[in-house]
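Peer 1: As input, take run_20.cif (mmCIF, C-alpha atoms and all ligand atoms; chains and numbers go by the auth columns):
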```cif
data_work
loop_
_atom_site.group_PDB
_atom_site.id
_atom_site.type_symbol
_atom_site.label_atom_id
_atom_site.label_comp_id
_atom_site.label_asym_id
_atom_site.label_seq_id
_atom_site.Cartn_x
_atom_site.Cartn_y
_atom_site.Cartn_z
_atom_site.B_iso_or_equiv
_atom_site.auth_seq_id
_atom_site.auth_asym_id
ATOM 1 C CA MET A 1 -12.188 6.065 5.656 0.00 1235 A
ATOM 2 C CA SER A 2 -8.523 5.563 4.776 0.00 1236 A
ATOM 3 C CA TYR A 3 -5.943 3.328 6.357 0.00 1237 A
ATOM 4 C CA THR A 4 -4.792 4.593 9.771 0.00 1238 A
ATOM 5 C CA ILE A 5 -1.806 4.077 12.041 0.00 1239 A
ATOM 6 C CA ILE A 6 -2.328 3.211 15.711 0.00 1240 A
ATOM 7 C CA THR A 7 -0.144 3.645 18.773 0.00 1241 A
ATOM 8 C CA ALA A 8 1.630 0.304 18.216 0.00 1242 A
ATOM 9 C CA CYS A 9 3.663 2.192 15.594 0.00 1243 A
ATOM 10 C CA THR A 10 7.363 2.346 16.491 0.00 1244 A
ATOM 11 C CA GLY A 11 8.309 4.781 13.752 0.00 1245 A
ATOM 12 C CA CYS A 12 10.325 2.190 11.834 0.00 1246 A
ATOM 13 C CA ALA A 13 9.254 3.933 8.583 0.00 1247 A
ATOM 14 C CA ALA A 14 8.763 0.701 6.612 0.00 1248 A
ATOM 15 C CA CYS A 15 5.356 2.048 5.545 0.00 1249 A
ATOM 16 C CA VAL A 16 6.803 5.383 4.452 0.00 1250 A
ATOM 17 C CA LYS A 17 9.152 3.625 2.046 0.00 1251 A
ATOM 18 C CA ILE A 18 6.436 1.465 0.455 0.00 1252 A
ATOM 19 C CA CYS A 19 3.554 3.961 0.154 0.00 1253 A
ATOM 20 C CA PRO A 20 3.150 4.707 -3.584 0.00 1254 A
ATOM 21 C CA VAL A 21 1.568 8.113 -3.014 0.00 1255 A
ATOM 22 C CA ALA A 22 3.679 9.449 -0.103 0.00 1256 A
ATOM 23 C CA ALA A 23 0.659 9.577 2.198 0.00 1257 A
ATOM 24 C CA ILE A 24 2.614 8.660 5.342 0.00 1258 A
ATOM 25 C CA SER A 25 4.700 11.051 7.385 0.00 1259 A
ATOM 26 C CA GLY A 26 6.429 11.163 10.748 0.00 1260 A
ATOM 27 C CA GLU A 27 9.728 11.382 12.518 0.00 1261 A
ATOM 28 C CA LYS A 28 11.886 8.277 12.842 0.00 1262 A
ATOM 29 C CA LYS A 29 11.036 6.308 16.024 0.00 1263 A
ATOM 30 C CA GLN A 30 7.866 8.392 16.499 0.00 1264 A
ATOM 31 C CA LEU A 31 4.227 7.570 15.791 0.00 1265 A
ATOM 32 C CA HIS A 32 3.541 8.080 12.082 0.00 1266 A
ATOM 33 C CA ARG A 33 0.408 9.391 10.419 0.00 1267 A
ATOM 34 C CA ILE A 34 -1.470 8.672 7.182 0.00 1268 A
ATOM 35 C CA ASP A 35 -2.982 11.624 5.329 0.00 1269 A
ATOM 36 C CA PRO A 36 -6.515 10.396 4.538 0.00 1270 A
ATOM 37 C CA ALA A 37 -6.828 12.831 1.640 0.00 1271 A
ATOM 38 C CA THR A 38 -3.791 11.300 -0.078 0.00 1272 A
ATOM 39 C CA CYS A 39 -4.205 7.604 0.817 0.00 1273 A
ATOM 40 C CA ILE A 40 -5.565 5.482 -2.052 0.00 1274 A
ATOM 41 C CA ASP A 41 -6.284 2.436 0.159 0.00 1275 A
ATOM 42 C CA CYS A 42 -3.814 0.193 -1.653 0.00 1276 A
ATOM 43 C CA GLY A 43 -3.027 -1.696 1.547 0.00 1277 A
ATOM 44 C CA ALA A 44 0.729 -1.874 1.047 0.00 1278 A
ATOM 45 C CA CYS A 45 1.481 -0.271 4.414 0.00 1279 A
ATOM 46 C CA GLY A 46 -0.672 -2.822 6.210 0.00 1280 A
ATOM 47 C CA ARG A 47 1.107 -5.734 4.552 0.00 1281 A
ATOM 48 C CA ILE A 48 4.613 -4.363 5.244 0.00 1282 A
ATOM 49 C CA CYS A 49 4.174 -3.208 8.878 0.00 1283 A
ATOM 50 C CA PRO A 50 5.994 -5.632 11.229 0.00 1284 A
ATOM 51 C CA TYR A 51 4.290 -4.209 14.344 0.00 1285 A
ATOM 52 C CA GLN A 52 0.600 -4.632 13.415 0.00 1286 A
ATOM 53 C CA ALA A 53 0.170 -0.897 13.760 0.00 1287 A
ATOM 54 C CA ILE A 54 -2.117 -0.249 10.793 0.00 1288 A
ATOM 55 C CA LEU A 55 -5.882 -0.465 10.458 0.00 1289 A
ATOM 56 C CA ASP A 56 -7.601 -0.879 7.085 0.00 1290 A
ATOM 57 C CA GLN A 57 -10.616 1.103 5.818 0.00 1291 A
ATOM 58 C CA ALA A 58 -12.922 -1.118 7.891 0.00 1292 A
ATOM 59 C CA SER A 59 -10.795 -0.502 11.027 0.00 1293 A
ATOM 60 C CA ALA A 60 -9.538 -4.104 10.973 0.00 1294 A
ATOM 61 C CA LEU A 61 -5.960 -4.701 12.077 0.00 1295 A
ATOM 62 C CA CYS A 62 -3.721 -5.455 9.094 0.00 1296 A
ATOM 63 C CA GLN A 63 -1.480 -8.501 9.152 0.00 1297 A
ATOM 64 C CA MET A 64 2.063 -8.467 7.832 0.00 1298 A
ATOM 65 C CA VAL A 65 2.537 -10.578 4.698 0.00 1299 A
ATOM 66 C CA LYS A 66 5.958 -11.722 3.544 0.00 1300 A
ATOM 67 C CA ARG A 67 6.825 -9.674 0.459 0.00 1301 A
ATOM 68 C CA SER A 68 7.424 -12.760 -1.691 0.00 1302 A
ATOM 69 C CA LEU A 69 3.810 -13.827 -1.000 0.00 1303 A
ATOM 70 C CA TRP A 70 2.161 -10.590 -2.160 0.00 1304 A
ATOM 71 C CA LEU A 71 -0.298 -11.282 -4.934 0.00 1305 A
ATOM 72 C CA LYS A 72 0.408 -9.743 -8.344 0.00 1306 A
ATOM 73 C CA PRO A 73 -2.203 -8.723 -10.894 0.00 1307 A
ATOM 74 C CA GLN A 74 -2.681 -10.822 -13.988 0.00 1308 A
ATOM 75 C CA VAL A 75 -4.179 -9.467 -17.210 0.00 1309 A
ATOM 76 C CA LEU A 76 -6.795 -11.682 -18.818 0.00 1310 A
ATOM 77 C CA GLU A 77 -5.770 -10.951 -22.392 0.00 1311 A
ATOM 78 C CA ALA A 78 -8.936 -12.381 -23.941 0.00 1312 A
ATOM 79 C CA GLN A 79 -11.043 -9.881 -21.963 0.00 1313 A
ATOM 80 C CA CYS A 80 -8.717 -6.843 -21.979 0.00 1314 A
ATOM 81 C CA ILE A 81 -9.978 -4.124 -24.351 0.00 1315 A
ATOM 82 C CA SER A 82 -6.731 -2.103 -24.218 0.00 1316 A
ATOM 83 C CA CYS A 83 -8.458 0.984 -22.823 0.00 1317 A
ATOM 84 C CA GLY A 84 -5.347 1.984 -20.897 0.00 1318 A
ATOM 85 C CA LEU A 85 -7.188 2.917 -17.695 0.00 1319 A
ATOM 86 C CA CYS A 86 -4.946 0.630 -15.649 0.00 1320 A
ATOM 87 C CA LEU A 87 -1.906 2.476 -17.021 0.00 1321 A
ATOM 88 C CA GLU A 88 -3.331 5.791 -15.855 0.00 1322 A
ATOM 89 C CA ALA A 89 -4.404 4.483 -12.462 0.00 1323 A
ATOM 90 C CA CYS A 90 -1.264 2.596 -11.431 0.00 1324 A
ATOM 91 C CA PRO A 91 0.477 4.757 -8.783 0.00 1325 A
ATOM 92 C CA THR A 92 3.879 3.273 -9.514 0.00 1326 A
ATOM 93 C CA SER A 93 3.652 3.221 -13.343 0.00 1327 A
ATOM 94 C CA VAL A 94 4.702 -0.398 -13.656 0.00 1328 A
ATOM 95 C CA LEU A 95 2.441 -1.174 -16.610 0.00 1329 A
ATOM 96 C CA GLU A 96 2.989 -0.575 -20.299 0.00 1330 A
ATOM 97 C CA MET A 97 1.213 -1.302 -23.558 0.00 1331 A
ATOM 98 C CA VAL A 98 2.803 -3.976 -25.748 0.00 1332 A
ATOM 99 C CA ASP A 99 1.911 -5.484 -29.112 0.00 1333 A
HETATM 100 FE FE1 LIG B . -0.096 4.617 1.384 0.00 1 B
HETATM 101 FE FE2 LIG B . -1.456 2.488 0.442 0.00 1 B
HETATM 102 FE FE3 LIG B . -1.044 2.743 3.084 0.00 1 B
HETATM 103 FE FE4 LIG B . -2.743 4.396 1.878 0.00 1 B
HETATM 104 S S1 LIG B . -2.984 2.162 2.113 0.00 1 B
HETATM 105 S S2 LIG B . -1.152 4.990 3.340 0.00 1 B
HETATM 106 S S3 LIG B . -1.766 4.657 -0.132 0.00 1 B
HETATM 107 S S4 LIG B . 0.538 2.435 1.498 0.00 1 B
#
```
Please lay out the structure from this file as structure tokens.

Peer 2:
Amino acid sequence: MSYTIITACTGCAACVKICPVAAISGEKKQLHRIDPATCIDCGACGRICPYQAILDQASALCQMVKRSLWLKPQVLEAQCISCGLCLEACPTSVLEMVD
């Protein structure tokens, strides 16, 4: 089950702007909707929503997290085999191979 939006949604559209796969739609100031077929369960919408209007895959209410506190991935260079799968999977293409 994907992330879902509940009736606490005010239609602020903060989630629409952050979703990396454009899975969220709706009119401004109206209840929005997540397309479960498009959602990749990244959780960004749940962390950005200021109205606690998003449930995660386990139907638990997501809590807003200040953007500066969002965890970032760290590559363990000694274990990385340079397969490139992370490059292909990243929905926002923020990774690159370096020497
Ligand atoms: Fe979009 Fe991620 Fe929220 Fe799914 S969990 S709707 S992919 S922001």

Peer 1: Identify, counting only C-alpha atoms and all ligand atoms, the protein, DNA and RNA residues located within 7 Å of ligand LIG 1 (chain B), and give them as a short mmCIF file (atom, residue, chain, number, x, y, z; two decimals) with C-alpha atoms, in the frame of the given file.

Peer 2:
```cif
data_model
loop_
_atom_site.label_atom_id
_atom_site.label_comp_id
_atom_site.auth_asym_id
_atom_site.auth_seq_id
_atom_site.Cartn_x
_atom_site.Cartn_y
_atom_site.Cartn_z
CA SER A 1236 -8.52 5.56 4.78
CA TYR A 1237 -5.94 3.33 6.36
CA CYS A 1249 5.36 2.05 5.54
CA ILE A 1252 6.44 1.46 0.46
CA CYS A 1253 3.55 3.96 0.15
CA PRO A 1254 3.15 4.71 -3.58
CA VAL A 1255 1.57 8.11 -3.01
CA ALA A 1256 3.68 9.45 -0.10
CA ALA A 1257 0.66 9.58 2.20
CA ILE A 1258 2.61 8.66 5.34
CA ILE A 1268 -1.47 8.67 7.18
CA THR A 1272 -3.79 11.30 -0.08
CA CYS A 1273 -4.20 7.60 0.82
CA ILE A 1274 -5.56 5.48 -2.05
CA ASP A 1275 -6.28 2.44 0.16
CA CYS A 1276 -3.81 0.19 -1.65
CA GLY A 1277 -3.03 -1.70 1.55
CA ALA A 1278 0.73 -1.87 1.05
CA CYS A 1279 1.48 -0.27 4.41
CA GLY A 1280 -0.67 -2.82 6.21
#
```

Peer 1: Kindly provide, as a list in words, the polymer residues lying within 12 Å of (8.2, 11.4, 12.2), counting all atoms listed in the file and using the coordinates exactly as they appear in the file.

Peer 2: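 Result, sorted by chain then residue number: Cys1243, Thr1244, Gly1245, Cys1246, Ala1247, Cys1249, Val1250, Ile1258, Ser1259, Gly1260, Glu1261, Lys1262, Lys1263, Gln1264, Leu1265, His1266, Arg1267 and Ile1268 of chain A.
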
Peer 1: Return the single residue from A:Cys1320, A:Met1331, A:Ile1282, A:Ala1271 that is closest to A:Arg1301, with distances computed using all atoms listed in the file.

Peer 2: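 Closest residue, counting all atoms listed in the file: A:Ile1282.
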
Peer 1: With only C-alpha atoms as the atoms that count, which of A:Val1332, A:Met1298, A:Ile1239, A:Cys1283 lies nearest to A:Pro1270?

Peer 2: A:Ile1239

Peer 1: Work out how far apart atom CA of A:Ser1302 and atom CA of A:Lys1251 are and give it in Å to one decimal.

Peer 2: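 Going from atom CA of A:Ser1302 over to atom CA of A:Lys1251 covers 16.9 Å.
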
Peer 1: For A:Leu1289, work out the shell of residues within 6 Å, counting only C-alpha atoms and skipping chain neighbours fewer than 5 positions away, then give it as a list in words.

Peer 2: Tyr1237, Thr1238, Ala1294, Leu1295 and Cys1296 of chain A

Peer 1: What gap, in Å, lies between atom CA of A:Ala1312 and atom CA of A:Ser1327?

Peer 2: 22.7 Å

Peer 1: Enclose all atoms of stretch 1242-1261 of chain A listed in the file in an axis-aligned box, grow every side by 3 Å, and hand back centre and edge lengths in Å to one decimal, as JSON.

Peer 2:
```
{"center_x": 5.5, "center_y": 5.8, "center_z": 7.3, "size_x": 15.7, "size_y": 17.1, "size_z": 27.8}
```

Peer 1: Restricting the calculation to all atoms listed in the file: of A:Arg1281, A:Met1235, A:Asp1333, A:Ala1248, which residue gets closest to A:Glu1311?

Peer 2: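 Smallest separation from A:Glu1311 among the options: A:Asp1333.
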
Peer 1: From the list A:Leu1305, A:Ile1240, A:Ile1315, A:Leu1321, which residue is nearest A:Asp1290 when using all atoms listed in the file?

Peer 2: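 Once distances to A:Asp1290 are computed over all atoms listed in the file, the minimum belongs to A:Ile1240.
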
Peer 1: Pick out the closest residue to A:Gln1286 from this set: A:Glu1330, A:Gln1313, A:Leu1303, A:Thr1241. Count only C-alpha atoms.

Peer 2: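 Under the stated criterion, the closest residue is A:Thr1241.
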
Peer 1: Could you work out how far atom CA of A:Gln1308 lies from atom CA of A:Glu1322, giving the answer in Å with one decimal?

Peer 2: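 Rounded to one decimal, the two atoms are 16.7 Å apart.
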
Peer 1: Which is closer to A:Ala1242 than all the others in A:Cys1314, A:Cys1324, A:Ile1288, A:Leu1319, using all atoms listed in the file?

Peer 2: A:Ile1288
